[in-house]
Amino acid sequence: MRSRVPRFLVSGWYGFGNLGDEVILHAIRLALQEAAPGCEVEALSYRPEHTRRYLSLGAAHQLPFGWREWAGSLLRGRVGGTFRAIWRCDVLLLGGGGFLSDWQPEAPWCWLRQALLARLLGKKVQLYGIGAGPFNRRWGRWITRTLIRLAVDTITVRDEGSKAWLERAGVPGDRVRVTADPVFGLWKGTEEQAVGQRAVIGLSLAPVFHLEHLWPGQGERYQAYLRAVAEACRDLADRGHHLRFLPMQEEVDRKVFQDLDALLPGVVAYQPLPEDVDGAIRELGRLDALVAMRLHAGILGALQGVPPVGIIYHPKVAAFLDRIGLRHLAEELGDGSNWRESSLDAARLVQSVETVLRERGDLRQGMAARLAPLREAALATARCAVELAGPR
């Protein structure tokens, strides 16, 4: 008698061309296939054609949100495909990334309604190695704990901070298992590489404080952030280092490069990453140092043996740096909402980069000792999903 093949449907911020999100989905698929060889994996994506092309993975459209989106989706026949994808799966995995927060008030409902629909269709649901919080609104906390209680079977989060935020929202702590970000499952060990006199330093920066509707009255804070980065880049360039701007989501991150280049013309080279996941990961591994504001740029750099100098603008970056032992090299940038009030110090940023270049071997060894258990924790998340799918 042949064993039953488990079917998983993964839902997240997929399809937007953000390397961080796409590599999460890539890592989840590989982990599930390692835990349950032959299993079927599909995704709910905002741009299914991108997911099919970029990851060679079956995909259906995400659920629409507003009434106008529902009407358009019905007219185009997309909702039927979404319902069929949920109906076909054994387990819906709401997975990877820090989507469960009420910084955008609609986010908890937008994501957890998928769990409710899956439950109504008789499916199992797992929160898969997610980042959670902050929850600063009563509504956000209520809808999160209520829909988790009604519709989620298994909760796995990527760090202790996420567990603490769920507990503050009213989710019992004994229901929450701390594992690791799914991308840590890609770690396979690295080989030492020498750093030359003229190092190649990557910059993975995100625009923050630049949109008035998200950060009202914070335009000057954005300009101060740019000036600090420009000052640090000028100093590093004067020391003979090469600087490359590596966008994780080109259509979003390009703005930071353009504004930085206006302050510092021609000093930082713009280098789009390859359009395949493995190629992008290899490119990050060619760096000598990496200034990482984007979380998954930092994770991928660490997996390739490049110790990241983090810029903490959100608890998720701080939690990651704590887990790999490099919080002491980080700078902070916040306005008191997602992260505490703080500004970048260009001189300290340069000093941290030079520390990485000087002590890279020791830092790599320290990271490797921490990455091995993080890989195991990430793979344990997949084994939870396989157990939830039931006997094969």
# chains A, B, ... in the order shown; residues from 1 in each chain; ligands from 1
>>> residues_around(residues="Ala382 of chain A", least_positions_apart="2", cutoff="9 Å", atoms="only C-alpha atoms", output="list in words")
Ile28, Arg29, Ala31, Leu32, Gln33, Glu34, Ala35, Ala36, Tyr128, Pro182, Ala378, Leu379, Ala380, Cys384, Ala385, Val386 and Glu387 of chain A
>>> write_last_selection(atoms="C-alpha atoms", output="PDB file, in the first residue's frame")
ATOM      1  CA  ILE A  28      10.358  26.325   3.591  1.00  0.00           C
ATOM      2  CA  ARG A  29       9.931  24.169   0.502  1.00  0.00           C
ATOM      3  CA  ALA A  31      12.801  21.928   4.609  1.00  0.00           C
ATOM      4  CA  LEU A  32       9.413  20.305   3.974  1.00  0.00           C
ATOM      5  CA  GLN A  33      10.874  18.139   1.217  1.00  0.00           C
ATOM      6  CA  GLU A  34      13.672  17.057   3.544  1.00  0.00           C
ATOM      7  CA  ALA A  35      11.199  16.239   6.329  1.00  0.00           C
ATOM      8  CA  ALA A  36       8.702  14.510   4.022  1.00  0.00           C
ATOM      9  CA  TYR A 128       5.454  28.662  10.477  1.00  0.00           C
ATOM     10  CA  PRO A 182      13.171  29.291   8.026  1.00  0.00           C
ATOM     11  CA  ALA A 378      14.525  25.802  11.410  1.00  0.00           C
ATOM     12  CA  LEU A 379      14.208  22.217  10.174  1.00  0.00           C
ATOM     13  CA  ALA A 380      12.255  21.306  13.328  1.00  0.00           C
ATOM     14  CA  CYS A 384       6.062  20.094  13.105  1.00  0.00           C
ATOM     15  CA  ALA A 385       4.188  20.697   9.854  1.00  0.00           C
ATOM     16  CA  VAL A 386       4.669  17.105   8.726  1.00  0.00           C
ATOM     17  CA  GLU A 387       3.358  15.819  12.075  1.00  0.00           C
TER      18      GLU A 387
END
>>> residues_around(residues="segment 276-278 of chain A", least_positions_apart="2", cutoff="8 Å", atoms="only C-alpha atoms", output="ChimeraX atom specification")
/A:19,22-23,26,54-55,274,280-282
>>> select_by_dssp(residues="segment 275-337 of chain A", states="strand (DSSP E)", output="PyMOL selection string")
chain A and resi 289-292+308-312+331-332
>>> write_last_selection(atoms="C-alpha atoms", output="mmCIF file, in the first residue's frame")
data_model
loop_
_atom_site.group_PDB
_atom_site.id
_atom_site.type_symbol
_atom_site.label_atom_id
_atom_site.label_comp_id
_atom_site.auth_asym_id
_atom_site.auth_seq_id
_atom_site.Cartn_x
_atom_site.Cartn_y
_atom_site.Cartn_z
ATOM 1 C CA ALA A 289 31.589 42.823 4.933
ATOM 2 C CA LEU A 290 27.897 43.676 4.839
ATOM 3 C CA VAL A 291 25.982 46.573 6.368
ATOM 4 C CA ALA A 292 22.569 44.962 6.743
ATOM 5 C CA PRO A 308 26.799 41.430 9.161
ATOM 6 C CA VAL A 309 26.971 44.886 10.690
ATOM 7 C CA GLY A 310 23.308 45.351 11.494
ATOM 8 C CA ILE A 311 21.207 48.491 11.481
ATOM 9 C CA ILE A 312 18.405 47.816 13.952
ATOM 10 C CA GLU A 331 23.810 50.570 15.041
ATOM 11 C CA GLU A 332 20.215 51.601 15.824
#
>>> closest_residue(among="A:Leu127, A:Ser101, A:Arg76, A:Ala347", to="Glu231 of chain A", atoms="only C-alpha atoms")
A:Ala347
>>> closest_residue(among="A:Arg113, A:Arg370, A:Arg221, A:Arg358", to="Leu333 of chain A", atoms="only C-alpha atoms")
A:Arg221
>>> closest_residue(among="A:Ala118, A:Leu9, A:Ala59, A:Leu186", to="Leu93 of chain A", atoms="only C-alpha atoms")
A:Leu9
>>> residues_around(residues="Leu211 of chain A", least_positions_apart="2", cutoff="12 Å", atoms="only C-alpha atoms", output="MDAnalysis selection string")
chainID A and resid 207:209 213:222 252 255
>>> residues_around(residues="Ala169 of chain A", least_positions_apart="4", cutoff="8 Å", atoms="only C-alpha atoms", output="PyMOL selection string")
chain A and resi 135+140-142+144-145+165
>>> write_last_selection(atoms="all heavy atoms", output="short mmCIF file (atom, residue, chain, number, x, y, z; two decimals), in the first residue's frame")
data_model
loop_
_atom_site.label_atom_id
_atom_site.label_comp_id
_atom_site.auth_asym_id
_atom_site.auth_seq_id
_atom_site.Cartn_x
_atom_site.Cartn_y
_atom_site.Cartn_z
N PHE A 135 2.47 44.64 18.87
CA PHE A 135 1.02 44.84 18.93
C PHE A 135 0.77 46.03 19.86
O PHE A 135 0.91 45.90 21.08
CB PHE A 135 0.32 43.59 19.48
CG PHE A 135 0.46 42.38 18.60
CD1 PHE A 135 1.32 41.35 18.95
CD2 PHE A 135 -0.26 42.27 17.43
CE1 PHE A 135 1.46 40.23 18.15
CE2 PHE A 135 -0.12 41.15 16.61
CZ PHE A 135 0.73 40.13 16.97
N GLY A 140 -5.77 45.06 17.48
CA GLY A 140 -4.78 44.13 16.95
C GLY A 140 -4.54 42.95 17.88
O GLY A 140 -4.43 41.81 17.44
N ARG A 141 -4.47 43.23 19.18
CA ARG A 141 -4.27 42.15 20.14
C ARG A 141 -5.49 41.24 20.20
O ARG A 141 -5.36 40.00 20.23
CB ARG A 141 -3.97 42.73 21.53
CG ARG A 141 -2.64 43.45 21.62
CD ARG A 141 -2.28 43.81 23.05
NE ARG A 141 -3.17 44.81 23.61
CZ ARG A 141 -2.97 46.12 23.54
NH1 ARG A 141 -1.92 46.58 22.89
NH2 ARG A 141 -3.81 46.97 24.11
N TRP A 142 -6.69 41.83 20.16
CA TRP A 142 -7.90 41.02 20.26
C TRP A 142 -8.09 40.11 19.06
O TRP A 142 -8.35 38.91 19.20
CB TRP A 142 -9.13 41.93 20.41
CG TRP A 142 -10.40 41.15 20.53
CD1 TRP A 142 -10.93 40.59 21.65
CD2 TRP A 142 -11.29 40.79 19.45
NE1 TRP A 142 -12.09 39.91 21.36
CE2 TRP A 142 -12.34 40.03 20.01
CE3 TRP A 142 -11.30 41.06 18.08
CZ2 TRP A 142 -13.38 39.52 19.23
CZ3 TRP A 142 -12.34 40.56 17.31
CH2 TRP A 142 -13.36 39.80 17.88
N THR A 144 -5.88 39.07 16.98
CA THR A 144 -4.81 38.07 16.91
C THR A 144 -5.10 36.89 17.82
O THR A 144 -5.07 35.73 17.38
CB THR A 144 -3.46 38.72 17.28
OG1 THR A 144 -3.13 39.73 16.32
CG2 THR A 144 -2.35 37.69 17.32
N ARG A 145 -5.38 37.16 19.09
CA ARG A 145 -5.61 36.03 20.01
C ARG A 145 -6.90 35.29 19.68
O ARG A 145 -6.97 34.06 19.80
CB ARG A 145 -5.62 36.51 21.45
CG ARG A 145 -6.78 37.40 21.87
CD ARG A 145 -6.75 37.67 23.37
NE ARG A 145 -7.77 38.61 23.78
CZ ARG A 145 -7.58 39.92 23.87
NH1 ARG A 145 -6.41 40.45 23.58
NH2 ARG A 145 -8.57 40.72 24.25
N TRP A 165 5.63 38.87 22.32
CA TRP A 165 4.57 39.73 21.77
C TRP A 165 3.25 38.98 21.66
O TRP A 165 2.18 39.54 21.94
CB TRP A 165 4.98 40.27 20.40
CG TRP A 165 5.84 41.48 20.48
CD1 TRP A 165 7.16 41.59 20.11
CD2 TRP A 165 5.45 42.78 20.94
NE1 TRP A 165 7.62 42.87 20.34
CE2 TRP A 165 6.59 43.62 20.83
CE3 TRP A 165 4.26 43.31 21.44
CZ2 TRP A 165 6.55 44.96 21.21
CZ3 TRP A 165 4.22 44.64 21.81
CH2 TRP A 165 5.35 45.46 21.70
#
